[in-house]
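Engineer: Here it is: the structure, laid out below.
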Amino acid sequence: MGEGTASGPESDSLRAIVAPRMSELPGSRRDRDGDESAGDESDAAHVVTAFLRNRGDVLLLRRSDAVGTYRGQWGGVSGFAEGQPDEQVLVEIREETGLEAADVSLVRSGRPVEFEDADLGREWVVHPYLFDCETREIELSEEHDAVEWVAPTAMLDLESGLDAENAHETAAGDEIDETVPELWTAYERVAPTVRSIAADDEHGAASLSIRALEVLRDRAGLLVAERGEATSSPRDDERGTRESGADPEGEWDELAELAGRLLEARPSMAVLRNRVNRTMAEAIDAVDGGDAADAPTLLESALSNVDRALAADEDAAANAGERIDGSVMTLSRSGTVLEAIRSGNPSRVFVAESRPAREGLDVAEALAASADVDCPVAVHTDAAAAHVLSSEGVDRVVVGADTVLPDGAVVNKTGTRGLAIAAAREGVPISVVAATDKVSTREGVNLESGDRSAVYDGEAAVDVLNPTFDVTPADCVDEIVTERGALEAADVGDVVEELRGLETWRTDSELTGRETTDRNLSRE
């Protein structure tokens with residue numbers, strides 16, 4: 001269980017709430033001992049609940065004796081929605097964690113949840129939110145006395161779903177004490193889903209691969225928790241009444257089907273495919289002899305693979321950062337490259353604007369605002385890249401990758417090929433930063449195009465070319481910097497064979513096909 005630092009004092013079901021302070025509610029009062037009496041019980045109270053996510057974990061806060069309800073129970077950031085929920089949730093985050101609006105970024109809000117607490121005689125309408133944040137340093141308010149960063153499955157009653165013979169330390173070890181009523185359901189309203197991953201056009205392949213593992217983790221955790229429910233309990237009318245609390249084969253079938261849908265959601269993303277395949281393969285390898293893989297083994301595998309994936313991306317960035325010393329050039333938006341530049345020692349950074357989406361401008365702004373980058377940052381047009389290389393004394397080109405093909409060629413945002421060719425002409429080395437999970441096991445690649453209107457929206461009878469990705473030949477790349485260090489093109493084949501071994505959990509008929517890039521820009 002991740003431990004936070006306190007400095008200072010998408011499947012839907014009902015019943016989710018993180019209760020606000022009752023003293024804030026209309027018509028209620030609390031005396032010095034914390035006793036409350038509700039006022040007008042006919043009106044539902046609106047509250048906001050925010051889950052802050054960092055490195056796959058979410059922030060949970062334990063309610064202190066200073067509050068009147070749910071003392072000692074764990075919940076998210078919550079409070080009474082005095083005005084607009086979208087505005088109030090940021091107020092609650094600031095008051096309960098010390099984080100400002102600039103420190104968090106909204107992922108999504110969920111459909112409001114209605115809940116009636118019979119003990120309190122109160123009806124609630126809960127507005128759930130999910131935010132990403134880059135720090136775990138928070139300041140507790142008096143409303144809470146402890147903080148933990150945990151996998152969301154820690155909210156579930158996992159231990160009761162694991163018998164002594166099948167207990168997994170990773171699965172049940174992160175479980176926390178009692179949570180506020182139905183906290184898990186509040187999280188489900190904003191959690192990543194197959195649909196949200198398929199529709200995401202803001203994040204890159206590495207980020208979405210983590211979201212895919214979170215989907216597997218959450219479903220496996222829910223199945224483990226359901227083992228502890230009544231032994232006669234149908235699940236969504238799919239399997240009828242169960243005679244026991246565990247159905248390993250049924251669990252695996254459901255999880256395998258879910259994994260297949262994740263692979264189909266973003267078929268172009270080698271990193272998502274490889275990480276899902278590894279999670280499934282390691283779950284199978286973890287069982288003894290003829291035993292079948294099940295929800296507990298998949299939960300354990302998913303939890304460990306989220307950590308593994310995050311570490312691989314960070315280590316690749318750190319290894320690349322060691323090579324950054326002097327003037328560097330990049331294009332498009334890669335979270336791994338951004339971290340590499342931050343951890344390096346650049347004397348100047350040139351960023352191509354990366355048309356038509358111009359995501360390079362965001363990168364330039366982020367670098368200019370970073371306390372870790374103490375050098376000038378310049379943005380330039382894509383067409384000027386060759387000129388800048390020839391006239392500005394650039395020491396190294398550093399780019400990310402959407403996919404690394406088996407022959408060492410690199411699929412990345414359009415403009416990478418031209419930049420690599422120009423760099424070779426000027427004798428400037430080019431480093432591609434990518435975890436080994438971005439290596440594709442497929443030989444071919446189909447490059448899709450972006451919207452024609454992003455280039456030309458006039459009425460003349462002209463054809464429009466707007467390729468989103470291009471392929472940089474292996475002989476134009478000096479090195480591929482991974483979590484294992486620098487690889488040359490000849491080394492990629494060994495990684496391919498390793499990754500192909502992870503695909504055996506699926507049937508051979510599912511392994512054919514060509515690599516297809518979608519319209520998402522590789523941003524992480």
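By convention in this document, the chains of the structure tokens carry letters A, B, ... by their order, each chain's residues are numbered from 1, and ligands are numbered from 1 in the order they are shown.
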Given only C-alpha atoms, how would the per-residue table for range 262-364 of chain A near range 49-71 of chain A read, listing every residue at most 8 Å away with its closest atom pair and distance in Å to one decimal, sorted by chain and number, as a Markdown table?
Structural biologist:
```
| residue | atom | partner | partner_atom | distance |
| --- | --- | --- | --- | --- |
| A:Val306 | CA | A:Gly56 | CA | 7.0 |
| A:Asp307 | CA | A:Arg55 | CA | 7.9 |
| A:Leu310 | CA | A:Arg55 | CA | 7.0 |
```
Engineer: Give me the residues within 9 Å of Ala312 in chain A as a ChimeraX atom specification, counting only C-alpha atoms and dropping any in the same chain fewer than 4 places off.
Structural biologist: /A:307-308,316-317,434-437,482-484
Engineer: List the neighbours of range 262-274 of chain A out to 8 Å using only C-alpha atoms; skip same-chain residues closer than 2 positions along the sequence, and give me the result as JSON, numbers by chain.
Structural biologist: {"A": [194, 195, 197, 198, 205, 206, 208, 209, 210, 212, 258, 259, 260, 276, 277, 278, 402, 403, 437, 438, 439, 440, 441, 499, 502, 515, 516, 517, 518]}
Engineer: Hey, can you check how far CA of Ala151 in chain A sits from CA of Thr179 in chain A?
Structural biologist: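 Between these atoms lies a distance of 13.9 Å.
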Engineer: Using DSSP on the backbone coordinates, identify all residues within range 214-446 of chain A classified as strand (DSSP E or B); present the result as a VMD selection string.
Structural biologist: chain A and resid 325 to 331 345 to 352 377 to 380 396 to 399 403 to 404 410 to 413 430 to 433 439 445 to 446
Engineer: Among range 32-214 of chain A, which ones does DSSP assign to helix (DSSP H, G or I) (computed from the backbone)? Answer as a PyMOL selection string.
Structural biologist: chain A and resi 85-97+101-103+152-155+159-161+169-173+183-188+194-199+205-214
Engineer: Can you work out the spacing between CA of Glu365 in chain A and CA of Gly321 in chain A in Å, to one decimal?
Structural biologist: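 Atom-to-atom, CA of Glu365 in chain A to CA of Gly321 in chain A, that is 19.1 Å.
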Engineer: Under the rule that only C-alpha atoms are counted, which of A:Ser327, A:Thr153, A:Thr279, A:Asn466 is the nearest residue to Ala357 in chain A?
Structural biologist: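 Distance minimum relative to Ala357 in chain A lands on A:Asn466.
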Engineer: Find the residues around range 396-398 of chain A up to 8 Å (only C-alpha atoms counted), leave out those fewer than 4 positions away in its own chain, and share them as an MDAnalysis selection string.
Structural biologist: chainID A and resid 324 326:330 337 420 423 428:433
Engineer: Could you save the residues just selected, with all heavy atoms, as a short mmCIF file (atom, residue, chain, number, x, y, z; two decimals), in the first residue's frame?
Structural biologist:
```cif
data_model
loop_
_atom_site.label_atom_id
_atom_site.label_comp_id
_atom_site.auth_asym_id
_atom_site.auth_seq_id
_atom_site.Cartn_x
_atom_site.Cartn_y
_atom_site.Cartn_z
N ILE A 324 21.49 13.66 -22.54
CA ILE A 324 21.16 15.04 -22.91
C ILE A 324 22.12 15.99 -22.20
O ILE A 324 22.04 16.21 -20.99
CB ILE A 324 19.70 15.35 -22.56
CG1 ILE A 324 18.77 14.48 -23.39
CG2 ILE A 324 19.39 16.83 -22.77
CD1 ILE A 324 17.30 14.65 -23.07
N GLY A 326 23.81 19.60 -23.57
CA GLY A 326 24.01 20.54 -24.66
C GLY A 326 22.68 20.90 -25.31
O GLY A 326 21.62 20.79 -24.69
N SER A 327 22.74 21.31 -26.54
CA SER A 327 21.55 21.76 -27.26
C SER A 327 20.81 20.57 -27.87
O SER A 327 21.43 19.72 -28.52
CB SER A 327 21.96 22.74 -28.36
OG SER A 327 20.84 23.18 -29.08
N VAL A 328 19.50 20.49 -27.65
CA VAL A 328 18.70 19.37 -28.15
C VAL A 328 17.50 19.88 -28.93
O VAL A 328 17.03 21.01 -28.72
CB VAL A 328 18.21 18.46 -27.01
CG1 VAL A 328 19.40 17.84 -26.28
CG2 VAL A 328 17.32 19.20 -26.04
N MET A 329 17.01 19.02 -29.83
CA MET A 329 15.81 19.33 -30.61
C MET A 329 14.84 18.17 -30.48
O MET A 329 15.24 17.00 -30.43
CB MET A 329 16.15 19.56 -32.08
CG MET A 329 14.92 19.80 -32.96
SD MET A 329 15.32 20.01 -34.72
CE MET A 329 16.05 21.64 -34.68
N THR A 330 13.53 18.49 -30.45
CA THR A 330 12.50 17.46 -30.41
C THR A 330 11.30 17.95 -31.19
O THR A 330 11.25 19.11 -31.64
CB THR A 330 12.12 17.11 -28.97
OG1 THR A 330 11.27 15.96 -28.97
CG2 THR A 330 11.39 18.27 -28.28
N VAL A 337 9.89 11.70 -23.44
CA VAL A 337 10.91 12.66 -23.87
C VAL A 337 10.90 13.88 -22.97
O VAL A 337 11.95 14.42 -22.60
CB VAL A 337 10.68 13.06 -25.34
CG1 VAL A 337 11.57 14.24 -25.72
CG2 VAL A 337 10.95 11.87 -26.25
N ALA A 420 14.94 13.26 -38.97
CA ALA A 420 16.03 12.30 -38.86
C ALA A 420 16.96 12.38 -40.06
O ALA A 420 18.19 12.29 -39.92
CB ALA A 420 15.47 10.89 -38.71
N ALA A 423 18.99 15.47 -39.70
CA ALA A 423 20.00 15.31 -38.65
C ALA A 423 21.17 14.48 -39.15
O ALA A 423 22.34 14.79 -38.85
CB ALA A 423 19.36 14.65 -37.42
N VAL A 428 24.20 15.03 -36.74
CA VAL A 428 23.63 15.15 -35.40
C VAL A 428 22.99 13.81 -35.02
O VAL A 428 22.12 13.32 -35.75
CB VAL A 428 22.57 16.27 -35.33
CG1 VAL A 428 21.94 16.33 -33.94
CG2 VAL A 428 23.20 17.60 -35.71
N PRO A 429 23.39 13.19 -33.92
CA PRO A 429 22.81 11.90 -33.54
C PRO A 429 21.34 12.03 -33.15
O PRO A 429 20.92 13.05 -32.60
CB PRO A 429 23.66 11.47 -32.34
CG PRO A 429 24.20 12.74 -31.77
CD PRO A 429 24.41 13.65 -32.95
N ILE A 430 20.57 11.00 -33.47
CA ILE A 430 19.16 11.00 -33.12
C ILE A 430 18.87 9.82 -32.19
O ILE A 430 19.21 8.67 -32.48
CB ILE A 430 18.25 10.94 -34.36
CG1 ILE A 430 16.77 10.92 -33.95
CG2 ILE A 430 18.59 9.75 -35.26
CD1 ILE A 430 15.82 11.18 -35.08
N SER A 431 18.29 10.14 -31.04
CA SER A 431 17.92 9.14 -30.03
C SER A 431 16.41 9.03 -29.97
O SER A 431 15.71 10.04 -29.85
CB SER A 431 18.47 9.53 -28.65
OG SER A 431 19.87 9.62 -28.66
N VAL A 432 15.92 7.81 -30.04
CA VAL A 432 14.49 7.53 -29.88
C VAL A 432 14.29 6.99 -28.47
O VAL A 432 14.98 6.04 -28.05
CB VAL A 432 13.99 6.51 -30.92
CG1 VAL A 432 12.54 6.12 -30.64
CG2 VAL A 432 14.13 7.08 -32.32
N VAL A 433 13.38 7.59 -27.71
CA VAL A 433 13.14 7.18 -26.32
C VAL A 433 11.84 6.39 -26.27
O VAL A 433 10.77 6.92 -26.58
CB VAL A 433 13.06 8.40 -25.39
CG1 VAL A 433 13.02 7.95 -23.94
CG2 VAL A 433 14.25 9.33 -25.63
#
```
Engineer: What lies within 6 Å of Ala474 in chain A using only C-alpha atoms, ignoring chain neighbours under 2 positions off, as a list in words?
Structural biologist: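 These residues fall inside the cut-off: Gly408, Ala409, Cys476 and Val477 of chain A.
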Engineer: For Ala186 in chain A, which of A:Glu497, A:Asp374, A:Glu114, A:Glu96 is the closest residue, counting only C-alpha atoms?
Structural biologist: A:Glu114
Engineer: Do you know which residues are at most 7 Å from Val411 in chain A counting only C-alpha atoms, after dropping those on the same chain fewer than 5 positions away, and could you put them as a short mmCIF file (atom, residue, chain, number, x, y, z; two decimals) with C-alpha atoms, in the first residue's frame?
Structural biologist:
```cif
data_model
loop_
_atom_site.label_atom_id
_atom_site.label_comp_id
_atom_site.auth_asym_id
_atom_site.auth_seq_id
_atom_site.Cartn_x
_atom_site.Cartn_y
_atom_site.Cartn_z
CA ALA A 401 7.94 6.59 -30.67
CA ASP A 402 4.43 5.36 -31.14
CA THR A 403 5.80 2.00 -32.24
CA VAL A 404 9.19 0.44 -32.96
CA PHE A 469 2.48 9.28 -38.63
CA ASP A 470 5.51 8.48 -40.71
CA VAL A 471 8.14 5.74 -40.61
CA THR A 472 11.77 6.60 -39.94
#
```
